[in-house]
$ cat target11.cif   # mmCIF, C-alpha atoms and all ligand atoms
data_query
#
loop_
_atom_site.label_atom_id
_atom_site.label_comp_id
_atom_site.auth_asym_id
_atom_site.auth_seq_id
_atom_site.Cartn_x
_atom_site.Cartn_y
_atom_site.Cartn_z
CA MET A 1 104.70 117.07 87.60
CA ILE A 2 101.14 116.04 88.49
CA PHE A 3 100.71 115.60 92.24
CA THR A 4 97.29 115.76 93.88
CA VAL A 5 96.63 116.24 97.57
CA ALA A 6 93.00 115.56 98.58
CA ILE A 7 91.86 117.06 101.88
CA ASP A 8 88.41 116.27 103.26
CA GLY A 9 86.64 116.81 106.54
CA PRO A 10 83.72 118.53 108.25
CA ALA A 11 83.20 122.30 108.54
CA ALA A 12 85.76 124.30 110.56
CA ALA A 13 88.10 121.36 111.22
CA GLY A 14 91.04 123.33 109.80
CA LYS A 15 91.19 121.91 106.26
CA GLY A 16 91.24 125.34 104.60
CA THR A 17 94.18 126.57 106.66
CA ILE A 18 96.13 123.33 106.28
CA SER A 19 95.42 123.27 102.52
CA ARG A 20 96.54 126.86 101.98
CA ARG A 21 99.67 126.37 104.04
CA LEU A 22 100.65 123.16 102.22
CA ALA A 23 100.00 124.82 98.86
CA ASP A 24 102.23 127.77 99.85
CA GLN A 25 104.99 125.58 101.25
CA PHE A 26 105.19 123.19 98.29
CA GLY A 27 104.21 125.62 95.51
CA PHE A 28 100.97 123.79 94.65
CA ALA A 29 97.77 125.38 93.35
CA TYR A 30 94.86 125.39 95.82
CA LEU A 31 91.13 124.96 95.27
CA ASP A 32 88.58 125.39 98.06
CA THR A 33 85.80 123.26 96.55
CA GLY A 34 83.33 124.39 99.24
CA LEU A 35 83.38 127.76 97.51
CA LEU A 36 81.90 126.16 94.37
CA TYR A 37 78.93 124.87 96.38
CA ARG A 38 78.62 128.15 98.28
CA ALA A 39 78.50 130.06 94.98
CA VAL A 40 75.84 127.69 93.61
CA GLY A 41 73.84 128.09 96.84
CA ALA A 42 74.04 131.89 96.51
CA LYS A 43 72.80 131.80 92.90
CA VAL A 44 69.92 129.54 93.95
CA ALA A 45 69.03 132.04 96.70
CA ASP A 46 68.92 134.64 93.90
CA GLY A 47 66.31 132.54 92.10
CA VAL A 48 68.38 130.43 89.69
CA GLU A 49 67.45 126.75 89.35
CA PRO A 50 70.13 124.56 91.11
CA ALA A 51 71.41 122.47 88.17
CA LYS A 52 71.46 125.59 85.96
CA ALA A 53 73.36 127.50 88.65
CA ALA A 54 76.06 124.80 88.74
CA GLU A 55 76.29 124.39 84.96
CA THR A 56 76.71 128.13 84.41
CA LEU A 57 79.12 128.75 87.30
CA ARG A 58 81.88 131.23 86.35
CA ALA A 59 85.08 132.31 88.09
CA ALA A 60 83.46 135.67 88.86
CA ASP A 61 80.75 133.90 90.92
CA LEU A 62 83.46 132.72 93.33
CA THR A 63 84.47 136.26 94.23
CA ARG A 64 81.11 137.33 95.73
CA ASP A 65 81.72 138.73 99.19
CA ASP A 66 78.75 136.99 100.83
CA LEU A 67 80.01 133.40 100.45
CA ARG A 68 81.75 133.03 103.83
CA SER A 69 78.69 133.49 106.05
CA HIS A 70 76.91 130.76 108.07
CA ILE A 71 73.89 131.23 105.81
CA ALA A 72 75.97 130.62 102.69
CA GLY A 73 77.41 127.47 104.29
CA GLN A 74 73.95 126.10 105.02
CA ALA A 75 72.74 126.99 101.50
CA ALA A 76 75.79 125.21 100.05
CA SER A 77 75.14 122.08 102.10
CA LYS A 78 71.53 122.03 100.85
CA VAL A 79 72.37 122.31 97.12
CA ALA A 80 75.22 119.82 97.61
CA VAL A 81 72.73 116.94 98.06
CA ILE A 82 71.47 117.42 94.48
CA PRO A 83 73.20 114.92 92.15
CA GLU A 84 72.90 117.20 89.07
CA VAL A 85 74.70 119.96 90.95
CA ARG A 86 77.53 117.64 92.01
CA ARG A 87 77.84 116.18 88.52
CA ALA A 88 78.16 119.62 86.92
CA LEU A 89 81.12 120.45 89.19
CA VAL A 90 83.13 117.23 88.79
CA GLN A 91 85.13 117.96 85.64
CA PHE A 92 86.28 121.40 86.75
CA GLN A 93 87.64 119.89 89.99
CA ARG A 94 89.35 116.98 88.21
CA ASP A 95 90.99 119.29 85.68
CA PHE A 96 92.21 121.49 88.52
CA ALA A 97 93.63 118.45 90.34
CA ARG A 98 95.62 117.31 87.32
CA GLN A 99 97.24 120.62 86.42
CA SER A 100 100.98 120.61 86.12
CA GLY A 101 102.91 121.67 89.24
CA GLY A 102 100.74 119.99 91.87
CA ALA A 103 97.37 120.82 93.42
CA VAL A 104 95.65 120.73 96.79
CA LEU A 105 91.85 120.45 96.84
CA ASP A 106 89.77 120.55 99.98
CA GLY A 107 86.15 119.53 100.40
CA ARG A 108 84.01 116.59 101.44
CA ASP A 109 84.40 114.04 98.63
CA ILE A 110 87.80 114.79 97.12
CA GLY A 111 89.57 111.61 98.24
CA THR A 112 86.52 109.39 97.75
CA VAL A 113 84.87 110.61 94.51
CA ILE A 114 86.64 113.49 92.77
CA CYS A 115 90.23 112.22 93.03
CA PRO A 116 90.16 108.59 94.23
CA ASP A 117 93.70 108.20 92.82
CA ALA A 118 95.13 111.25 94.62
CA ASP A 119 98.79 110.91 95.58
CA LEU A 120 97.97 111.77 99.16
CA LYS A 121 94.70 112.02 101.10
CA PHE A 122 94.00 113.65 104.41
CA PHE A 123 90.87 113.62 106.55
CA ILE A 124 90.94 116.59 108.91
CA THR A 125 88.51 116.47 111.79
CA ALA A 126 87.83 117.92 115.26
CA ARG A 127 85.14 117.71 117.92
CA PRO A 128 81.97 119.69 117.02
CA GLU A 129 82.30 121.97 120.09
CA VAL A 130 85.85 122.92 119.10
CA ARG A 131 84.78 123.63 115.53
CA ALA A 132 81.80 125.73 116.66
CA HIS A 133 84.09 127.77 118.93
CA ARG A 134 86.48 128.44 116.03
CA ARG A 135 83.65 129.63 113.78
CA TYR A 136 82.37 131.83 116.60
CA LEU A 137 85.81 133.46 116.96
CA GLU A 138 86.05 133.89 113.19
CA LEU A 139 82.54 135.11 112.34
CA GLY A 140 80.87 136.02 115.65
CA GLY A 141 77.21 135.23 116.38
CA ASP A 142 75.60 132.92 118.92
CA GLU A 143 77.96 130.04 119.75
CA ALA A 144 75.20 127.59 120.76
CA GLN A 145 73.36 128.25 117.51
CA ILE A 146 76.58 127.82 115.51
CA LEU A 147 77.10 124.44 117.21
CA ASN A 148 73.58 123.37 116.25
CA GLU A 149 74.15 124.47 112.65
CA ILE A 150 77.46 122.61 112.47
CA ILE A 151 75.87 119.42 113.78
CA GLU A 152 72.99 119.82 111.32
CA ARG A 153 75.35 120.48 108.40
CA ASP A 154 77.64 117.53 109.31
CA SER A 155 74.64 115.26 109.49
CA ARG A 156 73.33 116.40 106.08
CA ASP A 157 76.80 116.15 104.48
CA MET A 158 77.38 112.65 105.92
CA SER A 159 73.97 111.17 105.23
CA ARG A 160 73.35 112.29 101.64
CA ALA A 161 73.17 109.48 99.08
CA ASP A 162 75.53 111.08 96.55
CA ALA A 163 79.19 111.48 97.61
CA PRO A 164 78.65 111.70 101.38
CA LEU A 165 81.34 113.10 103.66
CA ARG A 166 83.55 110.26 104.86
CA ALA A 167 87.23 109.49 105.16
CA ALA A 168 88.73 107.55 102.26
CA ASP A 169 90.11 104.19 103.43
CA ASP A 170 93.63 105.33 102.58
CA ALA A 171 93.36 108.82 104.11
CA VAL A 172 95.71 110.06 106.83
CA VAL A 173 93.41 111.20 109.66
CA ILE A 174 94.43 114.30 111.61
CA ASP A 175 92.30 115.37 114.59
CA THR A 176 92.93 119.06 115.25
CA SER A 177 90.80 119.29 118.44
CA ASP A 178 93.85 119.48 120.67
CA LEU A 179 96.46 120.32 118.06
CA GLY A 180 97.63 123.87 117.25
CA ILE A 181 97.56 124.85 113.61
CA GLU A 182 101.36 124.86 113.35
CA ALA A 183 101.54 121.27 114.61
CA ALA A 184 98.75 120.15 112.27
CA VAL A 185 100.43 121.77 109.24
CA ALA A 186 103.78 120.29 110.22
CA GLU A 187 102.27 116.81 110.54
CA ALA A 188 100.62 117.08 107.13
CA ALA A 189 103.81 118.46 105.55
CA VAL A 190 105.80 115.44 106.75
CA HIS A 191 103.48 113.19 104.74
CA VAL A 192 103.71 115.38 101.64
CA THR A 193 107.51 115.42 101.79
CA ALA A 194 107.62 111.64 102.23
CA ARG A 195 105.22 111.08 99.34
CA LEU A 196 107.20 113.43 97.10
CA GLY A 197 110.15 111.20 97.75
CA GLY A 198 112.11 112.82 100.53
O1 LIG B 201 83.86 123.55 103.08
P1 LIG B 201 82.65 124.50 103.18
O2 LIG B 201 82.18 124.71 104.59
O3 LIG B 201 82.89 125.79 102.46
O4 LIG B 201 81.49 123.71 102.38
C1 LIG B 201 80.16 124.21 102.33
C2 LIG B 201 79.22 123.06 101.99
O5 LIG B 201 79.42 122.63 100.63
C3 LIG B 201 79.38 121.80 102.83
O6 LIG B 201 78.57 121.85 103.99
C4 LIG B 201 78.96 120.70 101.89
C5 LIG B 201 79.27 121.23 100.52
N1 LIG B 201 80.48 120.64 99.92
C6 LIG B 201 80.36 119.41 99.34
O7 LIG B 201 79.29 118.81 99.38
N2 LIG B 201 81.43 118.85 98.70
C7 LIG B 201 82.61 119.48 98.66
N3 LIG B 201 83.65 118.92 98.02
C8 LIG B 201 82.76 120.73 99.30
C9 LIG B 201 81.67 121.28 99.94
#
$ encode --input "target11.cif" --output "structure tokens" --more "lines below"
Ligand code: DC
Amino acid sequence: MIFTVAIDGPAAAGKGTISRRLADQFGFAYLDTGLLYRAVGAKVADGVEPAKAAETLRAADLTRDDLRSHIAGQAASKVAVIPEVRRALVQFQRDFARQSGGAVLDGRDIGTVICPDADLKFFITARPEVRAHRRYLELGGDEAQILNEIIERDSRDMSRADAPLRAADDAVVIDTSDLGIEAAVAEAAVHVTARLGG
């Protein structure tokens, strides 16, 4: 069975948690596509040219332990505006999406560009202040600065010319600002079950 769930949304809206939980519940494979851009950003910080970093990306690059930081997120957002970088990562994501047994991919352009024919699309969002507070609880740091970085990153991700962050017209929008994670996962799971045919 090929069944693709595309999950997009801004940083710290809850897409990673919802994606992982859906993948567990329904036995689908899961790809955090942000990690691809974070790994490219990290290689660029090490001196590799951006397109080259994307073209030569290997599974081992995704296991670096410095990819979850705020700095890695900003570096990812910066290399993600480069069309050659995005192009080099398309086929890997599409192949992952079409593997047998079902797949969940989360990112910024999954429902709009990578998998426009996905069986189900979600757009997970939340107010910037709520997202900044979640990142602060997760990673520590200065909450006001995190909020500024989130706003800056959203703005760069939404305004880039190539594959900007936006909800696909046919995406189910879930705002997690005032919704616990259990409720958000349950809401998403109802749609998956319905789409799978009961
Ligand atoms: O989801 P994340 O915070 O790990 O993503 C880091 C950055 O990577 C994000 O700010 C923009 C970029 N990205 C992208 O452009 N397209 C994707 N599908 C996933 C991430």
$ residues_around --input "target11.cif" --residues "A:Gly111" --least-positions-apart "3" --cutoff "12 Å" --atoms "all atoms listed in the file" --output "PyMOL selection string"
chain A and resi 4-9+93-94+97+104-108+114-124+163-172
$ atom_distance --input "target11.cif" --atom1 "atom CA of A:Ile151" --atom2 "atom CA of A:Pro50"
23.9 Å
$ residues_around --input "target11.cif" --residues "stretch 85-87 of chain A" --least-positions-apart "6" --cutoff "10 Å" --atoms "all atoms listed in the file" --output "PyMOL selection string"
chain A and resi 36-37+40+50-55+79+162-163
$ axis_aligned_box --input "target11.cif" --around "ligand LIG 201 (chain B)" --padding-each-side "6 Å" --output "AutoDock Vina command-line options"
--center_x 81.2 --center_y 122.3 --center_z 101.3 --size_x 17.3 --size_y 19.0 --size_z 18.6
$ residues_near_ligand --input "target11.cif" --ligand "ligand LIG 201 (chain B)" --cutoff "7 Å" --atoms "only C-alpha atoms and all ligand atoms" --output "ChimeraX atom specification"
/A:11-12,33-35,37-38,73-74,76-77,80-81,106-110,153-154,157
$ write_last_selection --input "target11.cif" --atoms "C-alpha atoms" --output "compact mmCIF listing (two decimals), in the coordinates of the input"
# COMPACT_ATOMS: atom_id res chain seq x y z
CA ALA A 11 83.20 122.30 108.54
CA ALA A 12 85.76 124.30 110.56
CA THR A 33 85.80 123.26 96.55
CA GLY A 34 83.33 124.39 99.24
CA LEU A 35 83.38 127.76 97.51
CA TYR A 37 78.93 124.87 96.38
CA ARG A 38 78.62 128.15 98.28
CA GLY A 73 77.41 127.47 104.29
CA GLN A 74 73.95 126.10 105.02
CA ALA A 76 75.79 125.21 100.05
CA SER A 77 75.14 122.08 102.10
CA ALA A 80 75.22 119.82 97.61
CA VAL A 81 72.73 116.94 98.06
CA ASP A 106 89.77 120.55 99.98
CA GLY A 107 86.15 119.53 100.40
CA ARG A 108 84.01 116.59 101.44
CA ASP A 109 84.40 114.04 98.63
CA ILE A 110 87.80 114.79 97.12
CA ARG A 153 75.35 120.48 108.40
CA ASP A 154 77.64 117.53 109.31
CA ASP A 157 76.80 116.15 104.48
$ residues_around --input "target11.cif" --residues "stretch 137-149 of chain A" --least-positions-apart "2" --cutoff "9 Å" --atoms "only C-alpha atoms" --output "short mmCIF file (atom, residue, chain, number, x, y, z; two decimals) with C-alpha atoms, in the coordinates of the input"
data_model
loop_
_atom_site.label_atom_id
_atom_site.label_comp_id
_atom_site.auth_asym_id
_atom_site.auth_seq_id
_atom_site.Cartn_x
_atom_site.Cartn_y
_atom_site.Cartn_z
CA ARG A 68 81.75 133.03 103.83
CA SER A 69 78.69 133.49 106.05
CA HIS A 70 76.91 130.76 108.07
CA GLN A 74 73.95 126.10 105.02
CA PRO A 128 81.97 119.69 117.02
CA GLU A 129 82.30 121.97 120.09
CA ARG A 131 84.78 123.63 115.53
CA ALA A 132 81.80 125.73 116.66
CA HIS A 133 84.09 127.77 118.93
CA ARG A 134 86.48 128.44 116.03
CA ARG A 135 83.65 129.63 113.78
CA ILE A 151 75.87 119.42 113.78
CA GLU A 152 72.99 119.82 111.32
CA ARG A 153 75.35 120.48 108.40
CA ASP A 154 77.64 117.53 109.31
#
$ atom_distance --input "target11.cif" --atom1 "atom CA of A:Ala29" --atom2 "atom CA of A:Ala103"
4.6 Å
$ atom_distance --input "target11.cif" --atom1 "atom CA of A:Lys15" --atom2 "atom CA of A:Phe28"
15.3 Å
$ residues_around --input "target11.cif" --residues "stretch 186-189 of chain A" --least-positions-apart "4" --cutoff "8 Å" --atoms "only C-alpha atoms" --output "compact mmCIF listing (two decimals) with C-alpha atoms, keeping the file's coordinate frame"
# COMPACT_ATOMS: atom_id res chain seq x y z
CA ILE A 18 96.13 123.33 106.28
CA LEU A 22 100.65 123.16 102.22
CA PHE A 122 94.00 113.65 104.41
CA GLU A 182 101.36 124.86 113.35
CA THR A 193 107.51 115.42 101.79
$ residues_around --input "target11.cif" --residues "A:Thr125" --least-positions-apart "4" --cutoff "7 Å" --atoms "all atoms listed in the file" --output "VMD selection string"
chain A and resid 9 to 10 13 174 to 176
$ closest_residue --input "target11.cif" --among "A:Ser159, A:Ile2, A:Arg21, A:Gly16" --to "A:Val185" --atoms "only C-alpha atoms"
A:Arg21
$ closest_residue --input "target11.cif" --among "A:Lys78, A:Ile150, A:Gly14, A:Ala45" --to "A:Leu179" --atoms "all atoms listed in the file"
A:Gly14
